[in-house]
Every structure is written in structure tokens, then in C-alpha cells.
Amino acid sequence: MAQPAPIISINTEEQIRSFLTENDERAIPLIFNHYGVAMLNTINRVVKDECLAEDVFQKVMVKIWERGRSYNAAKGSLFTWLIRISKNAAIDETRSKEFIRDRKSNSIDNFVFNDGAIHQKKTQERNEGVWETVHLLPESQRLLIDMAYFQGFTQKEIAEELNMPLGTVKTRMRSALSLLRSLY
Amino acid sequence: MNIEEYLNSGIIELYVAGMLSDEESLEVDRMAEKYPVVKQEIQSIRASLNQYAKQTGRAPRPELLASIQRSFTADRRDTNSESGIADAIPEPIPVRRPWLRYAAAVALLLSVGLNVYLYQTLNSSNDELRTLISQNQQMAEGMNNVQNQLSFIQSASYYKIPLQGLQIAPEAYANVYLDKDTRDVYIQIGDLPVPPSGHQYQLWAEKDGHMHNIGVFHHNKQIQHLAVFGDTFESLNVTLEVEGGSENATVEKAYLSGRI
């Protein structure tokens with residue numbers, strides 16, 4: 001069988017980098033659309049609160065804007081840099097007085113994504129007519145993708161929640177993703 | 001570890017999720033710099049996740065972007081007034097012809113309006129361009145798949161065995177390709193119902209009334225290599241089995257069948 005041709009790639013990372021260096025605000029929507037999912041999820045993985053995660057994400061974007069010129073490509077990819085800033089900002093947030101105070105008054109149950117929100121999203125999918133495609137993913141695989149990439153679970157939490165060894169989380173994530181890629 | 005093992009190790013999936021430590025992420029960056037295939041894998045995973053997020057409402061809310069952009073504009077305003085730019089503007093020189101002042105104001109307003117309009121048009125053209133680029137990319141990938149399949153199907157070194165839908169799903173169909181030399185068996189899915197959760201399709205070769213396992217496959221992957229099957233057989237059959245496959249075929253759940 002012939003080898004597949006390489007995927008045509010438009011180098012978004014390079015584009016963002018040059019916008020950041022030139023103080024061009026067009027960097028913002030590009031970062032948002034391209035890396036927003038991973039950044040927001042990284043923050044949520046630390047703060048465990050979707051609303052708060054959005055607040056922190058907003059602050060992170062300002063930070064990125066301010067420090068854009070200091071990014072050094074020789075020290076790693078833009079993505080790694082963005083994730084590091086997101087993670088550090090989220091950790092800083094958990095050390096703030098407000099966060100500690102709020103955590104004390106909230107129960108641990110509130111940390112976890114609630115079923116209502118998931119249900120709401122499913123309804124949305126049906127309404128938008130994309131439910132069929134999504135439905136081709138087995139429920140167990142969707143759950144894993146949602147937990148790992150959108151609901152801010154850590155690997156350890158996924159392992160505990162789904163009652164599987166940590167190593168299995170890694171391999172299951174891989175197979176879930178390869179199925180997802182055959183669909184999208 | 002060779003590159004194939006590295007790609008299969010699951011580390012890239014964790015990297016894209018932002019689940020790795022700084023050091024581990026930097027290691028993936030180094031690998032991506034060294035091996036384009038790693039970079040491509042990262043981009044491809046990210047693209048399908050972003051697509052999935054967009055279609056299922058899991059992407060960050062667009063209002064959030066608007067709010068971020070607003071905060072930028074506000075920041076800039078603050079900086080300008082702090083730096084005293086507003087104070088440094090000299091007092092306007094009295095104008096003898098007041099109508100000129102109004103005309104200038106109107107012209108300025110019109111020009112601002114025009115600029116806003118042009119800026120919005122530019123933004124929307126940029127968005128459209130991005131969408132077109134991404135659609136083009138998807139089409140190129142799709143075409144590439146089709147070309148691969150075409151060259152595969154047209155190759156003379158394969159027997160093609162069409163499988164027809166049985167009573168359970170009369171519209172279902174698939175094709176099996178058998179390599180004449182190596183006896184590699186491939187299945188090409190045409191149309192198969194989505195199996196119930198925890199179930200999978202399995203291909204069997206029938207000889208003298210016995211069913212021999214060839215392998216299980218995904219219902220939604222177009223072409224899959226199943227096994228090397230050296231024996232002769234009378235027919236090929238697909239049944240629905242529990243995930244991972246069964247030792248004996250559940251013939252009451254036979255979906256497809258075909259003869260050489």
C-alpha cells in the first residue's frame with residue numbers, strides 16, 4: 001500500500017510567535033482557537049472549578065500578551081510555554097486567600113464536573129445535529145476523552161474514577177484518540 | 001525505543017492534554033524537532049480534538065474570547081491615560097469658521113465608521129480564509145485516503161471477495177481483499193450498523209461447516225489489516241460478537257457473507 005502523503009500543515013505556531021513578537025493582537029484569537037482547549041483544561045485540572053478556570057484563563061492570556069516577546073523558541077515549543085504559564089497561574093490561584101477561603105466553604109463534591117452539565121451538553125449536541133458522529137464513539141471512550149481533555153481530570157483521578165491502573169489510562173487514552181481521529 | 005514505539009507509547013496523547021511535567025513536555029518538543037512524524041502526530045491529534053470540541057460544545061466559550069479582547073482594549077486605554085498622553089494634547093486653536101469644525105467632525109465620524117466597517121470585513125475575511133484553509137486540509141486528507149484505497153483496490157495481486165448483507169441487515173456490505181502471495185487479509189467496510197456497546201464484528205472463514213477465526217475489526221475504519229490466513233476456505237462470514245471477539249462464531253448473529 002502506498003505511504004500516505006504528509007498532512008499539509010500551516011504553521012500556526014510560527015504565525016502566533018511572529019504576532020507576539022510584533023505586539024500584534026491577532027495572536028490572541030489564534031492562541032484561543034488553537035490551544036484554548038488544552039490551556040483551559042490544564043487550569044481546570046488544578047483549580048477544579050469551571051468558572052474560576054475561565055477567570056484564570058483570562059489572566060493567563062494577558063500574561064502571555066505581556067511576556068510574548070520573552071518567549072524563546074530554543075527552550076521549547078510555544079505550546080509547552082503556554083501550558084507552563086497556565087499551570088503556574090492556576091497553582092498561584094489556589095494559593096490565594098480567596099481560593100482557600102472559598103474551598104473551605106465548598107464540599108469536595110462540587111469539585112467534580114456534575115452530571116447536569118454533561119446532560120446539557122448532550123442535549124446541545126443533539127440540537128446541533130452532530131450527535132450522530134459523536135455517537136460513533138463508544139460511550140466509554142467518549143467519557144475518557146471528556147475527562148482527560150475537557151473536564152480537568154488528572155491521570156490519577158481518571159484511574160480512580162474509572163477504577164483502572166494508571167498505565168491503562170495511558171493506553172486507553174491512545175486508543176480512544178485513534179478512534180476519535182478516524183471520525184474527525 | 002524506536003520512533004514507532006515512541007508514537008505508540010501514549011506519551012503524545014498526554015502531551016497534547018497538557019498532562020506531562022515540564023521536563024517531559026520539553027522532551028516531546030525535542031523529539032518533535034528531530035522527527036517530523038512526531039510533530040505531525042501532535043498536530044493531527046490536536047486538530048481532531050479541536051474539531052470534536054467545536055462540534056460538541058466543549059470548546060472554550062466564544063464569549064470568553066470577546067471578554068479577553070475587551071480587557072485588552074481597556075488595558076490599552078488605561079496605559080494611555082497613565083502615560084499622560086491625554087494631558088499633553090495642546091488646547092485647540094480657535095477656528096474662525098465654525099462650520100468647518102462641524103464638517104471636520106462629520107468627516108471624522110464617517111471615516112471612523114468606514115474604518116470600523118473595513119476592519120470588521122477584514123476580520124471576517126480572515127476567518128473565512130482560515131475556515132477555507134482548514135476545509136482544504138480536510139479535503140486533501142480525505143482525497144489522500146481515497147487514493148490509497150483506490151490503488152489498493154485496483155492492485156492485481158489481491159482477490160476481492162464481496163460480502164453481502166444477510167437477513168439481519170440486508171443493506172450492509174463490505175469487501176475482503178486477500179493478498180495472493182502473502183495471504184494477508186484486509187477488510188474494507190462499506191456499510192455496517194453501529195454495533196451495540198461492548199460488541200464488535202468478527203470475520204470468519206468457513207470450511208467443511210467449521211468457522212475459523214480471522215479477526216475482529218472496527219466498524220468505522222475503512223480499511224483494516226486483519227491477519228495472515230493461509231488455509232483454503234469456502235466462504236467468509238461476519239458475525240457480531242462481544243468486544244475482543246469470540247472463540248466460536250455466533251451464527252445467529254451473522255451480518256455478512258461472501259464466497260470467493
# chains A, B, ... in the order shown; residues from 1 in each chain; ligands from 1
>>> closest_atom_pairs(of="chain B", to="chain A", cutoff="8 Å", atoms="only C-alpha atoms", output="JSON lines")
{"residue": "B:Asn8", "atom": "CA", "partner": "A:Arg174", "partner_atom": "CA", "distance": 7.7}
{"residue": "B:Ser9", "atom": "CA", "partner": "A:Thr171", "partner_atom": "CA", "distance": 7.5}
{"residue": "B:Gly10", "atom": "CA", "partner": "A:Arg174", "partner_atom": "CA", "distance": 5.4}
{"residue": "B:Ile11", "atom": "CA", "partner": "A:Lys170", "partner_atom": "CA", "distance": 7.6}
{"residue": "B:Glu13", "atom": "CA", "partner": "A:Arg174", "partner_atom": "CA", "distance": 6.2}
{"residue": "B:Leu14", "atom": "CA", "partner": "A:Lys170", "partner_atom": "CA", "distance": 7.5}
{"residue": "B:Val16", "atom": "CA", "partner": "A:Ala38", "partner_atom": "CA", "distance": 7.1}
{"residue": "B:Ala17", "atom": "CA", "partner": "A:Tyr149", "partner_atom": "CA", "distance": 5.5}
{"residue": "B:Gly18", "atom": "CA", "partner": "A:Thr42", "partner_atom": "CA", "distance": 6.0}
{"residue": "B:Met19", "atom": "CA", "partner": "A:Thr154", "partner_atom": "CA", "distance": 7.2}
{"residue": "B:Asp22", "atom": "CA", "partner": "A:Arg84", "partner_atom": "CA", "distance": 7.0}
{"residue": "B:Ser25", "atom": "CA", "partner": "A:Thr80", "partner_atom": "CA", "distance": 6.3}
{"residue": "B:Leu26", "atom": "CA", "partner": "A:Gly76", "partner_atom": "CA", "distance": 5.7}
{"residue": "B:Asp29", "atom": "CA", "partner": "A:Gly76", "partner_atom": "CA", "distance": 6.0}
{"residue": "B:Arg30", "atom": "CA", "partner": "A:Gly76", "partner_atom": "CA", "distance": 7.5}
{"residue": "B:Gln40", "atom": "CA", "partner": "A:Ile7", "partner_atom": "CA", "distance": 7.3}
{"residue": "B:Ser44", "atom": "CA", "partner": "A:Arg181", "partner_atom": "CA", "distance": 7.9}
{"residue": "B:Ile45", "atom": "CA", "partner": "A:Arg181", "partner_atom": "CA", "distance": 7.0}
{"residue": "B:Ser48", "atom": "CA", "partner": "A:Tyr184", "partner_atom": "CA", "distance": 5.3}
{"residue": "B:Leu49", "atom": "CA", "partner": "A:Leu180", "partner_atom": "CA", "distance": 7.9}
{"residue": "B:Asn50", "atom": "CA", "partner": "A:Val37", "partner_atom": "CA", "distance": 7.2}
{"residue": "B:Gln51", "atom": "CA", "partner": "A:Tyr184", "partner_atom": "CA", "distance": 6.7}
{"residue": "B:Tyr52", "atom": "CA", "partner": "A:Tyr184", "partner_atom": "CA", "distance": 6.9}
{"residue": "B:Ala53", "atom": "CA", "partner": "A:Val37", "partner_atom": "CA", "distance": 7.8}
{"residue": "B:Gln55", "atom": "CA", "partner": "A:Val130", "partner_atom": "CA", "distance": 6.5}
{"residue": "B:Thr56", "atom": "CA", "partner": "A:Glu125", "partner_atom": "CA", "distance": 5.4}
{"residue": "B:Gly57", "atom": "CA", "partner": "A:Lys121", "partner_atom": "CA", "distance": 6.6}
{"residue": "B:Arg58", "atom": "CA", "partner": "A:Phe150", "partner_atom": "CA", "distance": 6.8}
{"residue": "B:Ala59", "atom": "CA", "partner": "A:Val37", "partner_atom": "CA", "distance": 5.8}
{"residue": "B:Pro60", "atom": "CA", "partner": "A:Val37", "partner_atom": "CA", "distance": 6.2}
{"residue": "B:Leu64", "atom": "CA", "partner": "A:Glu54", "partner_atom": "CA", "distance": 7.5}
{"residue": "B:Leu65", "atom": "CA", "partner": "A:Pro29", "partner_atom": "CA", "distance": 6.9}
{"residue": "B:Ile68", "atom": "CA", "partner": "A:Gln58", "partner_atom": "CA", "distance": 5.8}
{"residue": "B:Gln69", "atom": "CA", "partner": "A:Ile28", "partner_atom": "CA", "distance": 7.7}
{"residue": "B:Phe72", "atom": "CA", "partner": "A:Val62", "partner_atom": "CA", "distance": 7.5}
{"residue": "B:Gln137", "atom": "CA", "partner": "A:Ile8", "partner_atom": "CA", "distance": 6.3}
{"residue": "B:Ala140", "atom": "CA", "partner": "A:Ile8", "partner_atom": "CA", "distance": 7.8}
{"residue": "B:Glu141", "atom": "CA", "partner": "A:Ile7", "partner_atom": "CA", "distance": 6.7}
{"residue": "B:Asn144", "atom": "CA", "partner": "A:Pro4", "partner_atom": "CA", "distance": 6.6}
{"residue": "B:Asn145", "atom": "CA", "partner": "A:Pro4", "partner_atom": "CA", "distance": 7.5}
{"residue": "B:Asn148", "atom": "CA", "partner": "A:Ala2", "partner_atom": "CA", "distance": 6.2}
{"residue": "B:Ser151", "atom": "CA", "partner": "A:Met1", "partner_atom": "CA", "distance": 7.4}
{"residue": "B:Phe152", "atom": "CA", "partner": "A:Met1", "partner_atom": "CA", "distance": 6.0}
{"residue": "B:Val194", "atom": "CA", "partner": "A:Leu136", "partner_atom": "CA", "distance": 7.0}
{"residue": "B:Ser197", "atom": "CA", "partner": "A:Pro138", "partner_atom": "CA", "distance": 6.5}
{"residue": "B:Asn220", "atom": "CA", "partner": "A:Ser182", "partner_atom": "CA", "distance": 7.6}
{"residue": "B:Lys221", "atom": "CA", "partner": "A:Ser182", "partner_atom": "CA", "distance": 6.6}
>>> closest_residue(among="B:Gln167, B:Asn2, B:Gln135, B:Ser71", to="Tyr255 (chain B)", atoms="only C-alpha atoms")
B:Gln167
>>> closest_residue(among="B:Val116, B:Ala205, B:Ile223, B:Ala47", to="Ser134 (chain B)", atoms="only C-alpha atoms")
B:Ala47
>>> select_by_dssp(residues="region 32-230 of chain B", states="strand (DSSP E)", output="ChimeraX atom specification")
/B:158-165,173-179,184-191,199-207,210-217,223-228
>>> write_last_selection(atoms="N, CA and C atoms", output="CSV table (one decimal), in the first residue's frame")
chain,number,residue,atom,x,y,z
B,158,TYR,N,-4.4,-8.9,-5.5
B,158,TYR,CA,-5.4,-9.3,-4.5
B,158,TYR,C,-6.6,-10.0,-5.1
B,159,TYR,N,-7.2,-11.0,-4.3
B,159,TYR,CA,-8.5,-11.5,-4.6
B,159,TYR,C,-9.5,-10.5,-3.9
B,160,LYS,N,-10.5,-10.2,-4.6
B,160,LYS,CA,-11.6,-9.4,-3.9
B,160,LYS,C,-12.8,-10.3,-3.6
B,161,ILE,N,-13.2,-10.4,-2.4
B,161,ILE,CA,-14.4,-11.2,-2.0
B,161,ILE,C,-15.4,-10.2,-1.5
B,162,PRO,N,-16.5,-10.0,-2.3
B,162,PRO,CA,-17.5,-9.1,-1.8
B,162,PRO,C,-18.4,-9.8,-0.7
B,163,LEU,N,-18.7,-9.1,0.4
B,163,LEU,CA,-19.5,-9.7,1.4
B,163,LEU,C,-20.9,-9.0,1.3
B,164,GLN,N,-22.0,-9.8,1.3
B,164,GLN,CA,-23.3,-9.2,1.2
B,164,GLN,C,-24.0,-9.3,2.5
B,165,GLY,N,-24.9,-8.3,2.8
B,165,GLY,CA,-25.7,-8.3,4.0
B,165,GLY,C,-26.7,-9.5,4.1
B,173,TYR,N,-22.8,-4.1,3.7
B,173,TYR,CA,-21.8,-4.7,2.8
B,173,TYR,C,-20.4,-4.4,3.2
B,174,ALA,N,-19.5,-5.2,2.7
B,174,ALA,CA,-18.0,-5.0,2.9
B,174,ALA,C,-17.3,-5.8,1.9
B,175,ASN,N,-16.0,-5.5,1.7
B,175,ASN,CA,-15.2,-6.3,0.8
B,175,ASN,C,-14.0,-6.8,1.6
B,176,VAL,N,-13.6,-8.1,1.2
B,176,VAL,CA,-12.4,-8.6,1.8
B,176,VAL,C,-11.4,-8.7,0.7
B,177,TYR,N,-10.2,-8.3,1.0
B,177,TYR,CA,-9.1,-8.5,0.0
B,177,TYR,C,-8.1,-9.4,0.5
B,178,LEU,N,-7.7,-10.4,-0.3
B,178,LEU,CA,-6.8,-11.4,0.1
B,178,LEU,C,-5.5,-11.3,-0.8
B,179,ASP,N,-4.4,-11.1,-0.2
B,179,ASP,CA,-3.2,-11.0,-0.9
B,179,ASP,C,-2.8,-12.4,-1.5
B,184,ASP,N,-2.2,-12.1,3.2
B,184,ASP,CA,-2.7,-11.1,4.2
B,184,ASP,C,-4.2,-10.9,3.9
B,185,VAL,N,-5.0,-10.7,5.0
B,185,VAL,CA,-6.4,-10.5,4.8
B,185,VAL,C,-6.7,-9.1,5.2
B,186,TYR,N,-7.4,-8.3,4.3
B,186,TYR,CA,-7.8,-6.9,4.7
B,186,TYR,C,-9.3,-6.9,4.5
B,187,ILE,N,-9.9,-6.0,5.4
B,187,ILE,CA,-11.4,-5.8,5.2
B,187,ILE,C,-11.6,-4.3,4.9
B,188,GLN,N,-12.5,-4.1,3.9
B,188,GLN,CA,-12.8,-2.7,3.6
B,188,GLN,C,-14.3,-2.6,3.9
B,189,ILE,N,-14.6,-1.7,4.9
B,189,ILE,CA,-16.0,-1.6,5.3
B,189,ILE,C,-16.8,-0.7,4.4
B,190,GLY,N,-17.9,-1.2,3.9
B,190,GLY,CA,-18.8,-0.4,3.1
B,190,GLY,C,-19.8,0.2,4.0
B,191,ASP,N,-20.8,-0.6,4.4
B,191,ASP,CA,-21.8,-0.1,5.3
B,191,ASP,C,-22.1,-1.2,6.4
B,199,HIS,N,-19.8,-4.7,22.0
B,199,HIS,CA,-19.7,-5.7,20.9
B,199,HIS,C,-18.9,-5.2,19.8
B,200,GLN,N,-18.5,-6.2,19.0
B,200,GLN,CA,-17.6,-5.9,17.8
B,200,GLN,C,-17.9,-6.9,16.7
B,201,TYR,N,-17.5,-6.6,15.5
B,201,TYR,CA,-17.7,-7.5,14.4
B,201,TYR,C,-16.4,-8.4,14.3
B,202,GLN,N,-16.7,-9.6,13.9
B,202,GLN,CA,-15.6,-10.6,13.7
B,202,GLN,C,-15.7,-11.3,12.4
B,203,LEU,N,-14.5,-11.5,11.7
B,203,LEU,CA,-14.6,-12.2,10.4
B,203,LEU,C,-14.1,-13.6,10.6
B,204,TRP,N,-14.9,-14.5,9.9
B,204,TRP,CA,-14.6,-16.0,10.0
B,204,TRP,C,-14.5,-16.5,8.6
B,205,ALA,N,-13.6,-17.6,8.5
B,205,ALA,CA,-13.5,-18.3,7.2
B,205,ALA,C,-14.2,-19.7,7.5
B,206,GLU,N,-15.1,-20.0,6.6
B,206,GLU,CA,-15.9,-21.3,6.8
B,206,GLU,C,-15.3,-22.4,5.8
B,207,LYS,N,-15.0,-23.6,6.4
B,207,LYS,CA,-14.6,-24.7,5.6
B,207,LYS,C,-15.2,-26.0,6.2
B,210,HIS,N,-17.1,-25.7,9.4
B,210,HIS,CA,-16.4,-25.1,10.6
B,210,HIS,C,-16.0,-23.7,10.3
B,211,MET,N,-16.2,-22.9,11.4
B,211,MET,CA,-15.8,-21.5,11.2
B,211,MET,C,-14.5,-21.2,11.9
B,212,HIS,N,-13.5,-20.7,11.1
B,212,HIS,CA,-12.2,-20.4,11.6
B,212,HIS,C,-12.0,-18.9,11.8
B,213,ASN,N,-11.6,-18.5,13.0
B,213,ASN,CA,-11.4,-17.0,13.3
B,213,ASN,C,-10.4,-16.4,12.4
B,214,ILE,N,-10.7,-15.2,11.8
B,214,ILE,CA,-9.7,-14.4,11.1
B,214,ILE,C,-9.3,-13.2,11.9
B,215,GLY,N,-10.3,-12.6,12.5
B,215,GLY,CA,-10.0,-11.4,13.4
B,215,GLY,C,-11.2,-10.5,13.6
B,216,VAL,N,-11.1,-9.7,14.7
B,216,VAL,CA,-12.1,-8.7,14.9
B,216,VAL,C,-11.7,-7.4,14.3
B,217,PHE,N,-12.7,-6.5,14.0
B,217,PHE,CA,-12.4,-5.2,13.4
B,217,PHE,C,-13.3,-4.1,13.8
B,223,ILE,N,-10.3,0.7,6.0
B,223,ILE,CA,-9.5,-0.5,5.6
B,223,ILE,C,-8.7,-1.0,6.7
B,224,GLN,N,-8.8,-2.2,7.0
B,224,GLN,CA,-8.0,-2.8,8.2
B,224,GLN,C,-7.4,-4.1,7.8
B,225,HIS,N,-6.2,-4.2,8.3
B,225,HIS,CA,-5.5,-5.5,8.1
B,225,HIS,C,-5.9,-6.4,9.2
B,226,LEU,N,-6.3,-7.6,8.9
B,226,LEU,CA,-6.8,-8.5,10.0
B,226,LEU,C,-5.8,-9.6,10.4
B,227,ALA,N,-5.3,-10.3,9.4
B,227,ALA,CA,-4.4,-11.4,9.8
B,227,ALA,C,-3.8,-12.0,8.5
B,228,VAL,N,-2.9,-12.9,8.7
B,228,VAL,CA,-2.4,-13.7,7.6
B,228,VAL,C,-3.2,-15.1,7.7
>>> atom_distance(atom1="CA of Val47 (chain A)", atom2="CA of Leu20 (chain B)")
17.1 Å
>>> decode(residues="region 100-135 of chain B", atoms="N, CA and C atoms", output="PDB file, in the first residue's frame")
ATOM      1  N   LEU B 100     -16.624  74.732   9.613  1.00  0.00           N
ATOM      2  CA  LEU B 100     -15.509  73.862   9.236  1.00  0.00           C
ATOM      3  C   LEU B 100     -15.275  72.799  10.312  1.00  0.00           C
ATOM      4  N   ARG B 101     -15.471  73.276  11.548  1.00  0.00           N
ATOM      5  CA  ARG B 101     -15.282  72.360  12.672  1.00  0.00           C
ATOM      6  C   ARG B 101     -16.310  71.208  12.585  1.00  0.00           C
ATOM      7  N   TYR B 102     -17.598  71.586  12.275  1.00  0.00           N
ATOM      8  CA  TYR B 102     -18.640  70.557  12.188  1.00  0.00           C
ATOM      9  C   TYR B 102     -18.371  69.607  11.019  1.00  0.00           C
ATOM     10  N   ALA B 103     -17.977  70.239   9.902  1.00  0.00           N
ATOM     11  CA  ALA B 103     -17.706  69.413   8.715  1.00  0.00           C
ATOM     12  C   ALA B 103     -16.577  68.420   9.018  1.00  0.00           C
ATOM     13  N   ALA B 104     -15.560  68.922   9.742  1.00  0.00           N
ATOM     14  CA  ALA B 104     -14.425  68.058  10.087  1.00  0.00           C
ATOM     15  C   ALA B 104     -14.898  66.921  10.985  1.00  0.00           C
ATOM     16  N   ALA B 105     -15.790  67.282  11.955  1.00  0.00           N
ATOM     17  CA  ALA B 105     -16.297  66.268  12.881  1.00  0.00           C
ATOM     18  C   ALA B 105     -17.067  65.195  12.126  1.00  0.00           C
ATOM     19  N   VAL B 106     -17.913  65.647  11.184  1.00  0.00           N
ATOM     20  CA  VAL B 106     -18.710  64.698  10.408  1.00  0.00           C
ATOM     21  C   VAL B 106     -17.778  63.805   9.585  1.00  0.00           C
ATOM     22  N   ALA B 107     -16.791  64.429   8.955  1.00  0.00           N
ATOM     23  CA  ALA B 107     -15.853  63.666   8.130  1.00  0.00           C
ATOM     24  C   ALA B 107     -15.115  62.640   8.980  1.00  0.00           C
ATOM     25  N   LEU B 108     -14.739  63.069  10.203  1.00  0.00           N
ATOM     26  CA  LEU B 108     -14.020  62.172  11.093  1.00  0.00           C
ATOM     27  C   LEU B 108     -14.904  60.975  11.474  1.00  0.00           C
ATOM     28  N   LEU B 109     -16.166  61.303  11.815  1.00  0.00           N
ATOM     29  CA  LEU B 109     -17.104  60.243  12.199  1.00  0.00           C
ATOM     30  C   LEU B 109     -17.265  59.239  11.066  1.00  0.00           C
ATOM     31  N   LEU B 110     -17.452  59.792   9.843  1.00  0.00           N
ATOM     32  CA  LEU B 110     -17.626  58.926   8.679  1.00  0.00           C
ATOM     33  C   LEU B 110     -16.401  58.042   8.498  1.00  0.00           C
ATOM     34  N   SER B 111     -15.235  58.687   8.686  1.00  0.00           N
ATOM     35  CA  SER B 111     -14.003  57.930   8.477  1.00  0.00           C
ATOM     36  C   SER B 111     -13.850  56.830   9.533  1.00  0.00           C
ATOM     37  N   VAL B 112     -14.229  57.180  10.800  1.00  0.00           N
ATOM     38  CA  VAL B 112     -14.159  56.164  11.860  1.00  0.00           C
ATOM     39  C   VAL B 112     -15.086  55.008  11.518  1.00  0.00           C
ATOM     40  N   GLY B 113     -16.310  55.377  11.107  1.00  0.00           N
ATOM     41  CA  GLY B 113     -17.310  54.361  10.745  1.00  0.00           C
ATOM     42  C   GLY B 113     -16.777  53.461   9.645  1.00  0.00           C
ATOM     43  N   LEU B 114     -16.196  54.081   8.634  1.00  0.00           N
ATOM     44  CA  LEU B 114     -15.674  53.328   7.494  1.00  0.00           C
ATOM     45  C   LEU B 114     -14.556  52.380   7.938  1.00  0.00           C
ATOM     46  N   ASN B 115     -13.703  52.928   8.823  1.00  0.00           N
ATOM     47  CA  ASN B 115     -12.594  52.105   9.320  1.00  0.00           C
ATOM     48  C   ASN B 115     -13.101  50.894  10.080  1.00  0.00           C
ATOM     49  N   VAL B 116     -14.111  51.127  10.947  1.00  0.00           N
ATOM     50  CA  VAL B 116     -14.670  50.026  11.729  1.00  0.00           C
ATOM     51  C   VAL B 116     -15.231  48.980  10.770  1.00  0.00           C
ATOM     52  N   TYR B 117     -15.967  49.488   9.749  1.00  0.00           N
ATOM     53  CA  TYR B 117     -16.573  48.576   8.787  1.00  0.00           C
ATOM     54  C   TYR B 117     -15.501  47.756   8.061  1.00  0.00           C
ATOM     55  N   LEU B 118     -14.459  48.472   7.616  1.00  0.00           N
ATOM     56  CA  LEU B 118     -13.386  47.796   6.870  1.00  0.00           C
ATOM     57  C   LEU B 118     -12.666  46.782   7.749  1.00  0.00           C
ATOM     58  N   TYR B 119     -12.470  47.169   9.031  1.00  0.00           N
ATOM     59  CA  TYR B 119     -11.777  46.289   9.948  1.00  0.00           C
ATOM     60  C   TYR B 119     -12.580  44.996  10.155  1.00  0.00           C
ATOM     61  N   GLN B 120     -13.930  45.194  10.308  1.00  0.00           N
ATOM     62  CA  GLN B 120     -14.780  44.014  10.512  1.00  0.00           C
ATOM     63  C   GLN B 120     -14.754  43.124   9.267  1.00  0.00           C
ATOM     64  N   THR B 121     -14.809  43.765   8.091  1.00  0.00           N
ATOM     65  CA  THR B 121     -14.788  42.985   6.850  1.00  0.00           C
ATOM     66  C   THR B 121     -13.487  42.197   6.768  1.00  0.00           C
ATOM     67  N   LEU B 122     -12.392  42.859   7.147  1.00  0.00           N
ATOM     68  CA  LEU B 122     -11.089  42.200   7.096  1.00  0.00           C
ATOM     69  C   LEU B 122     -11.068  40.992   8.030  1.00  0.00           C
ATOM     70  N   ASN B 123     -11.617  41.229   9.256  1.00  0.00           N
ATOM     71  CA  ASN B 123     -11.647  40.141  10.233  1.00  0.00           C
ATOM     72  C   ASN B 123     -12.452  38.971   9.713  1.00  0.00           C
ATOM     73  N   SER B 124     -13.626  39.292   9.139  1.00  0.00           N
ATOM     74  CA  SER B 124     -14.470  38.187   8.707  1.00  0.00           C
ATOM     75  C   SER B 124     -13.832  37.488   7.507  1.00  0.00           C
ATOM     76  N   SER B 125     -13.126  38.261   6.650  1.00  0.00           N
ATOM     77  CA  SER B 125     -12.434  37.595   5.528  1.00  0.00           C
ATOM     78  C   SER B 125     -11.345  36.685   6.051  1.00  0.00           C
ATOM     79  N   ASN B 126     -10.644  37.162   7.093  1.00  0.00           N
ATOM     80  CA  ASN B 126      -9.589  36.323   7.671  1.00  0.00           C
ATOM     81  C   ASN B 126     -10.169  35.032   8.226  1.00  0.00           C
ATOM     82  N   ASP B 127     -11.331  35.181   8.920  1.00  0.00           N
ATOM     83  CA  ASP B 127     -11.976  33.985   9.473  1.00  0.00           C
ATOM     84  C   ASP B 127     -12.351  33.024   8.350  1.00  0.00           C
ATOM     85  N   GLU B 128     -12.940  33.607   7.277  1.00  0.00           N
ATOM     86  CA  GLU B 128     -13.359  32.749   6.164  1.00  0.00           C
ATOM     87  C   GLU B 128     -12.156  32.039   5.563  1.00  0.00           C
ATOM     88  N   LEU B 129     -11.061  32.792   5.461  1.00  0.00           N
ATOM     89  CA  LEU B 129      -9.849  32.222   4.875  1.00  0.00           C
ATOM     90  C   LEU B 129      -9.362  31.050   5.718  1.00  0.00           C
ATOM     91  N   ARG B 130      -9.389  31.259   7.037  1.00  0.00           N
ATOM     92  CA  ARG B 130      -8.940  30.192   7.936  1.00  0.00           C
ATOM     93  C   ARG B 130      -9.825  28.957   7.774  1.00  0.00           C
ATOM     94  N   THR B 131     -11.167  29.202   7.708  1.00  0.00           N
ATOM     95  CA  THR B 131     -12.084  28.077   7.543  1.00  0.00           C
ATOM     96  C   THR B 131     -11.779  27.353   6.235  1.00  0.00           C
ATOM     97  N   LEU B 132     -11.555  28.145   5.167  1.00  0.00           N
ATOM     98  CA  LEU B 132     -11.290  27.532   3.860  1.00  0.00           C
ATOM     99  C   LEU B 132     -10.010  26.707   3.895  1.00  0.00           C
ATOM    100  N   ILE B 133      -8.996  27.268   4.569  1.00  0.00           N
ATOM    101  CA  ILE B 133      -7.720  26.534   4.655  1.00  0.00           C
ATOM    102  C   ILE B 133      -7.937  25.212   5.373  1.00  0.00           C
ATOM    103  N   SER B 134      -8.719  25.276   6.469  1.00  0.00           N
ATOM    104  CA  SER B 134      -8.915  24.057   7.240  1.00  0.00           C
ATOM    105  C   SER B 134      -9.757  23.055   6.433  1.00  0.00           C
ATOM    106  N   GLN B 135     -10.767  23.559   5.679  1.00  0.00           N
ATOM    107  CA  GLN B 135     -11.571  22.646   4.863  1.00  0.00           C
ATOM    108  C   GLN B 135     -10.702  22.006   3.779  1.00  0.00           C
TER     109      GLN B 135
END
